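J.: I am sharing entry-v5.txt, which consists of compact mmCIF, N, CA and C atoms:
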# COMPACT_ATOMS: atom_id res chain seq x y z
N MET A 571 -6.10 -5.51 -4.36
CA MET A 571 -5.45 -5.27 -3.09
C MET A 571 -4.03 -5.85 -3.15
N ASN A 572 -3.04 -5.03 -2.82
CA ASN A 572 -1.66 -5.52 -2.87
C ASN A 572 -1.25 -6.11 -1.50
N VAL A 573 -0.04 -6.65 -1.44
CA VAL A 573 0.44 -7.32 -0.23
C VAL A 573 0.42 -6.38 0.98
N LYS A 574 0.89 -5.16 0.79
CA LYS A 574 0.94 -4.23 1.93
C LYS A 574 -0.47 -3.87 2.41
N GLU A 575 -1.42 -3.79 1.51
CA GLU A 575 -2.80 -3.53 1.93
C GLU A 575 -3.35 -4.73 2.71
N ARG A 576 -2.95 -5.95 2.31
CA ARG A 576 -3.38 -7.13 3.06
C ARG A 576 -2.75 -7.15 4.45
N VAL A 577 -1.50 -6.70 4.55
CA VAL A 577 -0.84 -6.62 5.87
C VAL A 577 -1.62 -5.66 6.77
N LEU A 578 -1.99 -4.51 6.24
CA LEU A 578 -2.78 -3.55 7.02
C LEU A 578 -4.11 -4.16 7.44
N LEU A 579 -4.70 -4.97 6.57
CA LEU A 579 -5.98 -5.61 6.88
C LEU A 579 -5.83 -6.60 8.03
N ILE A 580 -4.67 -7.24 8.13
CA ILE A 580 -4.43 -8.16 9.25
C ILE A 580 -4.55 -7.40 10.57
N ALA A 581 -3.86 -6.27 10.66
CA ALA A 581 -3.91 -5.47 11.89
C ALA A 581 -5.34 -5.02 12.19
N GLU A 582 -6.05 -4.57 11.17
CA GLU A 582 -7.43 -4.12 11.37
C GLU A 582 -8.32 -5.27 11.83
N THR A 583 -8.20 -6.42 11.17
CA THR A 583 -9.04 -7.57 11.49
C THR A 583 -8.77 -8.06 12.91
N LYS A 584 -7.51 -8.04 13.31
CA LYS A 584 -7.16 -8.50 14.65
C LYS A 584 -7.33 -7.40 15.71
N ARG A 585 -7.74 -6.22 15.25
CA ARG A 585 -7.94 -5.07 16.14
C ARG A 585 -6.69 -4.74 16.95
N ILE A 586 -5.58 -4.74 16.23
CA ILE A 586 -4.29 -4.36 16.81
C ILE A 586 -3.95 -2.99 16.25
N SER A 587 -3.50 -2.09 17.09
CA SER A 587 -3.11 -0.78 16.56
C SER A 587 -1.97 -1.00 15.57
N LYS A 588 -1.96 -0.20 14.54
CA LYS A 588 -0.93 -0.36 13.50
C LYS A 588 0.46 -0.16 14.09
N THR A 589 0.60 0.79 14.98
CA THR A 589 1.89 1.04 15.62
C THR A 589 2.37 -0.22 16.35
N GLU A 590 1.48 -0.83 17.13
CA GLU A 590 1.81 -2.04 17.87
C GLU A 590 2.14 -3.20 16.93
N PHE A 591 1.29 -3.35 15.91
CA PHE A 591 1.46 -4.44 14.95
C PHE A 591 2.84 -4.37 14.29
N PHE A 592 3.19 -3.19 13.78
CA PHE A 592 4.46 -3.06 13.06
C PHE A 592 5.66 -3.15 14.00
N LYS A 593 5.50 -2.70 15.22
CA LYS A 593 6.58 -2.84 16.20
C LYS A 593 6.82 -4.32 16.49
N ASP A 594 5.73 -5.07 16.61
CA ASP A 594 5.81 -6.49 16.93
C ASP A 594 6.51 -7.29 15.83
N VAL A 595 6.30 -6.91 14.56
CA VAL A 595 6.95 -7.63 13.45
C VAL A 595 8.22 -6.93 12.98
N GLU A 596 8.65 -5.93 13.74
CA GLU A 596 9.89 -5.20 13.50
C GLU A 596 9.95 -4.58 12.10
N LEU A 597 8.83 -3.93 11.72
CA LEU A 597 8.75 -3.20 10.46
C LEU A 597 8.38 -1.76 10.75
N SER A 598 8.60 -0.89 9.79
CA SER A 598 8.24 0.52 9.94
C SER A 598 6.88 0.77 9.32
N TYR A 599 5.98 1.36 10.09
CA TYR A 599 4.65 1.68 9.60
C TYR A 599 4.73 2.66 8.43
N ALA A 600 5.77 3.49 8.38
CA ALA A 600 5.93 4.47 7.31
C ALA A 600 5.98 3.80 5.93
N ASN A 601 6.48 2.56 5.87
CA ASN A 601 6.55 1.83 4.60
C ASN A 601 5.19 1.34 4.11
N PHE A 602 4.16 1.58 4.89
CA PHE A 602 2.82 1.11 4.54
C PHE A 602 1.86 2.28 4.34
N LYS A 603 2.40 3.48 4.18
CA LYS A 603 1.60 4.68 3.99
C LYS A 603 1.93 5.32 2.65
N GLY A 604 1.00 6.10 2.14
CA GLY A 604 1.23 6.90 0.94
C GLY A 604 1.76 6.07 -0.22
N GLY A 605 2.71 6.64 -0.94
CA GLY A 605 3.29 5.97 -2.11
C GLY A 605 4.05 4.71 -1.76
N GLN A 606 4.59 4.65 -0.54
CA GLN A 606 5.33 3.46 -0.11
C GLN A 606 4.44 2.21 -0.07
N LYS A 607 3.13 2.44 0.07
CA LYS A 607 2.20 1.31 0.15
C LYS A 607 2.19 0.51 -1.16
N ASN A 608 2.62 1.14 -2.25
CA ASN A 608 2.61 0.48 -3.55
C ASN A 608 3.93 -0.17 -3.92
N THR A 609 4.89 -0.16 -2.99
CA THR A 609 6.18 -0.80 -3.25
C THR A 609 6.14 -2.25 -2.75
N ALA A 610 7.11 -3.04 -3.19
CA ALA A 610 7.17 -4.46 -2.83
C ALA A 610 7.48 -4.64 -1.35
N LEU A 611 7.04 -5.77 -0.83
CA LEU A 611 7.33 -6.15 0.55
C LEU A 611 8.36 -7.27 0.51
N SER A 612 9.40 -7.16 1.30
CA SER A 612 10.47 -8.16 1.26
C SER A 612 10.00 -9.51 1.79
N SER A 613 10.69 -10.55 1.36
CA SER A 613 10.37 -11.89 1.85
C SER A 613 10.62 -11.99 3.35
N ASP A 614 11.66 -11.30 3.85
CA ASP A 614 11.93 -11.31 5.29
C ASP A 614 10.76 -10.72 6.07
N ALA A 615 10.17 -9.66 5.54
CA ALA A 615 9.03 -9.03 6.21
C ALA A 615 7.83 -9.98 6.22
N MET A 616 7.60 -10.66 5.10
CA MET A 616 6.48 -11.61 5.03
C MET A 616 6.68 -12.75 6.01
N ILE A 617 7.91 -13.24 6.09
CA ILE A 617 8.20 -14.33 7.02
C ILE A 617 8.00 -13.87 8.45
N ALA A 618 8.44 -12.66 8.78
CA ALA A 618 8.26 -12.13 10.14
C ALA A 618 6.78 -12.05 10.49
N ILE A 619 5.96 -11.62 9.55
CA ILE A 619 4.52 -11.51 9.79
C ILE A 619 3.93 -12.90 10.01
N LEU A 620 4.30 -13.86 9.16
CA LEU A 620 3.75 -15.20 9.29
C LEU A 620 4.23 -15.92 10.55
N ILE A 621 5.43 -15.60 11.01
CA ILE A 621 5.92 -16.19 12.26
C ILE A 621 5.15 -15.63 13.45
N LYS A 622 4.95 -14.32 13.46
CA LYS A 622 4.24 -13.68 14.58
C LYS A 622 2.74 -13.94 14.53
N HIS A 623 2.22 -14.23 13.32
CA HIS A 623 0.78 -14.44 13.15
C HIS A 623 0.57 -15.73 12.34
N PRO A 624 0.84 -16.89 12.96
CA PRO A 624 0.76 -18.16 12.23
C PRO A 624 -0.65 -18.55 11.81
N ASP A 625 -1.66 -17.84 12.31
CA ASP A 625 -3.02 -18.13 11.90
C ASP A 625 -3.37 -17.49 10.56
N ILE A 626 -2.46 -16.69 10.01
CA ILE A 626 -2.67 -16.05 8.71
C ILE A 626 -2.24 -17.00 7.60
N SER A 627 -3.05 -17.12 6.59
CA SER A 627 -2.74 -17.99 5.45
C SER A 627 -1.64 -17.37 4.60
N PRO A 628 -0.53 -18.07 4.39
CA PRO A 628 0.54 -17.54 3.54
C PRO A 628 0.05 -17.30 2.10
N THR A 629 -0.82 -18.17 1.61
CA THR A 629 -1.33 -18.01 0.25
C THR A 629 -2.13 -16.72 0.14
N TRP A 630 -2.93 -16.43 1.14
CA TRP A 630 -3.71 -15.18 1.13
C TRP A 630 -2.77 -13.98 1.21
N LEU A 631 -1.79 -14.03 2.10
CA LEU A 631 -0.88 -12.91 2.26
C LEU A 631 -0.11 -12.63 0.97
N LEU A 632 0.43 -13.66 0.35
CA LEU A 632 1.26 -13.48 -0.84
C LEU A 632 0.47 -13.18 -2.10
N MET A 633 -0.62 -13.92 -2.30
CA MET A 633 -1.32 -13.83 -3.58
C MET A 633 -2.74 -13.32 -3.49
N GLY A 634 -3.24 -13.15 -2.26
CA GLY A 634 -4.62 -12.67 -2.11
C GLY A 634 -5.65 -13.72 -2.43
N GLU A 635 -5.26 -14.98 -2.42
CA GLU A 635 -6.18 -16.07 -2.75
C GLU A 635 -6.62 -16.79 -1.49
N GLY A 636 -7.89 -17.18 -1.46
CA GLY A 636 -8.43 -17.92 -0.32
C GLY A 636 -8.76 -17.01 0.84
N ALA A 637 -8.93 -17.63 2.00
CA ALA A 637 -9.29 -16.89 3.21
C ALA A 637 -8.05 -16.34 3.91
N MET A 638 -8.24 -15.26 4.63
CA MET A 638 -7.13 -14.65 5.38
C MET A 638 -6.62 -15.60 6.46
N MET A 639 -7.55 -16.21 7.17
CA MET A 639 -7.18 -17.05 8.31
C MET A 639 -7.12 -18.52 7.87
N ARG A 640 -6.14 -19.24 8.42
CA ARG A 640 -6.05 -20.67 8.15
C ARG A 640 -7.21 -21.37 8.85
N LYS A 641 -7.68 -22.44 8.26
CA LYS A 641 -8.73 -23.25 8.88
C LYS A 641 -8.27 -24.70 8.92
N ASN A 642 -8.69 -25.40 9.99
CA ASN A 642 -8.34 -26.82 10.06
C ASN A 642 -9.47 -27.64 9.44
N ASP A 643 -9.40 -28.96 9.50
CA ASP A 643 -10.39 -29.83 8.84
C ASP A 643 -11.81 -29.60 9.34
N SER A 644 -11.98 -29.21 10.59
CA SER A 644 -13.33 -28.99 11.13
C SER A 644 -13.84 -27.59 10.82
N GLY A 645 -13.03 -26.78 10.12
CA GLY A 645 -13.47 -25.45 9.74
C GLY A 645 -13.11 -24.38 10.76
N ASP A 646 -12.49 -24.79 11.86
CA ASP A 646 -12.08 -23.82 12.88
C ASP A 646 -10.77 -23.17 12.46
N VAL A 647 -10.59 -21.93 12.90
CA VAL A 647 -9.33 -21.26 12.61
C VAL A 647 -8.24 -21.95 13.40
N SER A 648 -7.16 -22.28 12.74
CA SER A 648 -6.06 -22.95 13.43
C SER A 648 -4.82 -22.09 13.32
N ALA A 649 -3.96 -22.24 14.27
CA ALA A 649 -2.69 -21.51 14.26
C ALA A 649 -1.57 -22.51 14.47
N PRO A 650 -1.13 -23.17 13.40
CA PRO A 650 -0.06 -24.15 13.56
C PRO A 650 1.22 -23.48 14.02
N THR A 651 1.99 -24.20 14.77
CA THR A 651 3.26 -23.64 15.21
C THR A 651 4.23 -23.65 14.05
N VAL A 652 5.16 -22.75 14.08
CA VAL A 652 6.14 -22.65 13.01
C VAL A 652 6.96 -23.94 12.93
N GLU A 653 7.23 -24.56 14.08
CA GLU A 653 8.06 -25.76 14.08
C GLU A 653 7.36 -26.94 13.42
N THR A 654 6.03 -27.03 13.51
CA THR A 654 5.34 -28.19 12.96
C THR A 654 4.83 -27.96 11.54
N ALA A 655 4.70 -26.72 11.11
CA ALA A 655 4.12 -26.45 9.79
C ALA A 655 4.89 -27.13 8.66
N PRO A 656 6.22 -27.05 8.58
CA PRO A 656 6.92 -27.66 7.46
C PRO A 656 6.88 -29.18 7.45
N ALA A 657 6.61 -29.81 8.59
CA ALA A 657 6.62 -31.27 8.67
C ALA A 657 5.40 -31.88 7.97
N THR A 658 4.35 -31.10 7.75
CA THR A 658 3.16 -31.63 7.10
C THR A 658 3.24 -31.39 5.60
N ALA A 659 2.50 -32.21 4.87
CA ALA A 659 2.45 -32.04 3.41
C ALA A 659 1.88 -30.67 3.07
N GLU A 660 0.85 -30.25 3.82
CA GLU A 660 0.25 -28.93 3.58
C GLU A 660 1.26 -27.82 3.85
N GLY A 661 2.03 -27.97 4.92
CA GLY A 661 3.04 -26.97 5.25
C GLY A 661 4.10 -26.86 4.17
N LEU A 662 4.54 -28.00 3.66
CA LEU A 662 5.53 -27.99 2.59
C LEU A 662 4.96 -27.36 1.32
N ALA A 663 3.71 -27.65 1.03
CA ALA A 663 3.07 -27.07 -0.16
C ALA A 663 2.98 -25.55 -0.02
N ILE A 664 2.67 -25.09 1.17
CA ILE A 664 2.58 -23.65 1.40
C ILE A 664 3.95 -23.00 1.22
N TYR A 665 4.98 -23.61 1.75
CA TYR A 665 6.32 -23.06 1.60
C TYR A 665 6.76 -23.07 0.13
N LYS A 666 6.37 -24.10 -0.61
CA LYS A 666 6.69 -24.14 -2.03
C LYS A 666 5.98 -23.00 -2.77
N GLN A 667 4.71 -22.74 -2.38
CA GLN A 667 3.98 -21.62 -2.98
C GLN A 667 4.67 -20.30 -2.66
N LEU A 668 5.14 -20.17 -1.43
CA LEU A 668 5.84 -18.97 -1.02
C LEU A 668 7.11 -18.77 -1.87
N VAL A 669 7.87 -19.83 -2.03
CA VAL A 669 9.09 -19.75 -2.83
C VAL A 669 8.75 -19.39 -4.28
N ASN A 670 7.73 -20.04 -4.85
CA ASN A 670 7.35 -19.74 -6.23
C ASN A 670 6.90 -18.29 -6.38
N ALA A 671 6.11 -17.80 -5.44
CA ALA A 671 5.64 -16.41 -5.51
C ALA A 671 6.81 -15.44 -5.40
N LEU A 672 7.75 -15.74 -4.53
CA LEU A 672 8.91 -14.87 -4.38
C LEU A 672 9.80 -14.92 -5.62
N GLU A 673 9.92 -16.09 -6.23
CA GLU A 673 10.70 -16.19 -7.47
C GLU A 673 10.05 -15.37 -8.59
N GLN A 674 8.73 -15.39 -8.66
CA GLN A 674 8.02 -14.59 -9.66
C GLN A 674 8.24 -13.10 -9.40
N THR A 675 8.22 -12.71 -8.14
CA THR A 675 8.47 -11.31 -7.79
C THR A 675 9.87 -10.90 -8.21
N ILE A 676 10.84 -11.76 -7.96
CA ILE A 676 12.23 -11.47 -8.34
C ILE A 676 12.35 -11.31 -9.85
N LYS A 677 11.73 -12.21 -10.61
CA LYS A 677 11.79 -12.12 -12.07
C LYS A 677 11.17 -10.81 -12.56
N ALA A 678 10.04 -10.44 -11.98
CA ALA A 678 9.38 -9.19 -12.38
C ALA A 678 10.27 -8.00 -12.05
N GLN A 679 10.91 -8.03 -10.89
CA GLN A 679 11.79 -6.93 -10.51
C GLN A 679 13.03 -6.87 -11.40
N GLU A 680 13.54 -8.03 -11.81
CA GLU A 680 14.69 -8.05 -12.72
C GLU A 680 14.32 -7.40 -14.05
N LYS A 681 13.11 -7.69 -14.56
CA LYS A 681 12.66 -7.08 -15.81
C LYS A 681 12.53 -5.56 -15.65
N THR A 682 12.01 -5.13 -14.53
CA THR A 682 11.87 -3.70 -14.27
C THR A 682 13.25 -3.03 -14.21
N ILE A 683 14.18 -3.68 -13.55
CA ILE A 683 15.55 -3.13 -13.45
C ILE A 683 16.17 -3.00 -14.83
N LEU A 684 16.04 -4.04 -15.66
CA LEU A 684 16.60 -3.98 -17.02
C LEU A 684 15.97 -2.84 -17.82
N SER A 685 14.68 -2.68 -17.70
CA SER A 685 13.98 -1.60 -18.40
C SER A 685 14.48 -0.24 -17.93
N LEU A 686 14.61 -0.08 -16.62
CA LEU A 686 15.08 1.19 -16.07
C LEU A 686 16.53 1.47 -16.46
N GLU A 687 17.35 0.43 -16.47
CA GLU A 687 18.74 0.61 -16.90
C GLU A 687 18.79 1.07 -18.35
N GLY A 688 17.92 0.51 -19.19
CA GLY A 688 17.85 0.94 -20.58
C GLY A 688 17.44 2.39 -20.72
N GLN A 689 16.47 2.80 -19.89
CA GLN A 689 16.02 4.20 -19.92
C GLN A 689 17.14 5.13 -19.45
N VAL A 690 17.86 4.74 -18.42
CA VAL A 690 18.97 5.57 -17.92
C VAL A 690 20.04 5.68 -18.99
N SER A 691 20.32 4.58 -19.66
CA SER A 691 21.33 4.59 -20.73
C SER A 691 20.92 5.56 -21.84
N LEU A 692 19.66 5.54 -22.23
CA LEU A 692 19.17 6.46 -23.25
C LEU A 692 19.27 7.91 -22.79
N LEU A 693 18.93 8.16 -21.54
CA LEU A 693 19.00 9.53 -21.02
C LEU A 693 20.44 10.02 -20.93
N ASN A 694 21.37 9.14 -20.62
CA ASN A 694 22.78 9.52 -20.52
C ASN A 694 23.36 9.87 -21.89
N LYS A 695 22.81 9.30 -22.96
CA LYS A 695 23.29 9.57 -24.32
C LYS A 695 22.83 10.94 -24.82
N LYS A 696 21.78 11.48 -24.23
CA LYS A 696 21.24 12.78 -24.71
C LYS A 696 22.11 13.93 -24.34
If you took the structure in this file and wrote it as structure tokens, what would it be?

T.:
Amino acid sequence: MNVKERVLLIAETKRISKTEFFKDVELSYANFKGGQKNTALSSDAMIAILIKHPDISPTWLLMGEGAMMRKNDSGDVSAPTVETAPATAEGLAIYKQLVNALEQTIKAQEKTILSLEGQVSLLNKK
């Protein structure tokens, strides 16, 4: 399951219409259909989703690891506020994971760009 499929699962799990969900996070639903569903999701889009839905685990959203919903020490679903999340050690660790995941995505995209540039160069020589 890729990131965009996990985003769609958030709307389904929360029983929010997809139109409403994407309007709320200021994204276009068209980017989550058909072939577009297999393209990368920007960091700004992920941040918008996590801000509007703070009960969603950033680790799950980015990497598909762990549970979708955050849980507190007693096992209850918690929704930390955006203002308090970075002040905790757990919040900082989550943000570091987010940065690392985004850096990996950037590196992978840079490799893809170099490969595509090489292919274009070869095609231009023909």

J.: Taking only N, CA and C atoms into account, which of A:Lys622, A:Gly634, A:Ile586, A:Phe602 comes nearest Met571 (chain A)?

T.: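 The answer is A:Gly634, which sits nearest to Met571 (chain A).
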
J.: Expressed in Å to a single decimal, how great is the separation between CA of Leu578 (chain A) and CA of Phe591 (chain A)?

T.: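 Distance between the two atoms: 9.0 Å.
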
J.: Hey, what does DSSP flag as helix (DSSP H, G or I) within chain A? Can you give it to me as a ChimeraX atom specification?

T.: /A:573-583,588-594,599-602,604-608,613-622,628-633,655-657,659-695

J.: Residues of region 609-630 of chain A that approach region 665-675 of chain A to 9 Å or less, counting only C-alpha atoms: could you list each one with the shortest pair of atoms and its distance in Å to one decimal, rows by chain and increasing residue number, as CSV?

T.:
residue,atom,partner,partner_atom,distance
A:Ala610,CA,A:Thr675,CA,8.6
A:Ser612,CA,A:Leu672,CA,8.9
A:Ser613,CA,A:Leu672,CA,7.1
A:Pro628,CA,A:Leu668,CA,7.1
A:Thr629,CA,A:Gln667,CA,7.2

J.: Could you check the closest approach to Asn601 (chain A) for each of A:Ala615, A:Gln689, A:Lys574, A:Thr583 and tell me which residue wins, using only N, CA and C atoms?

T.: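 Among the listed residues, A:Lys574 lies closest to Asn601 (chain A).
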
J.: Please indicate the distance in Å from atom C of Arg640 (chain A) to CA of Asn608 (chain A), rounded to one decimal place.

T.: 27.0 Å

J.: Which of chain A end up as strand (DSSP E or B) when DSSP is run on this backbone - answer as a ChimeraX atom specification?

T.: /A:626,639,641,647
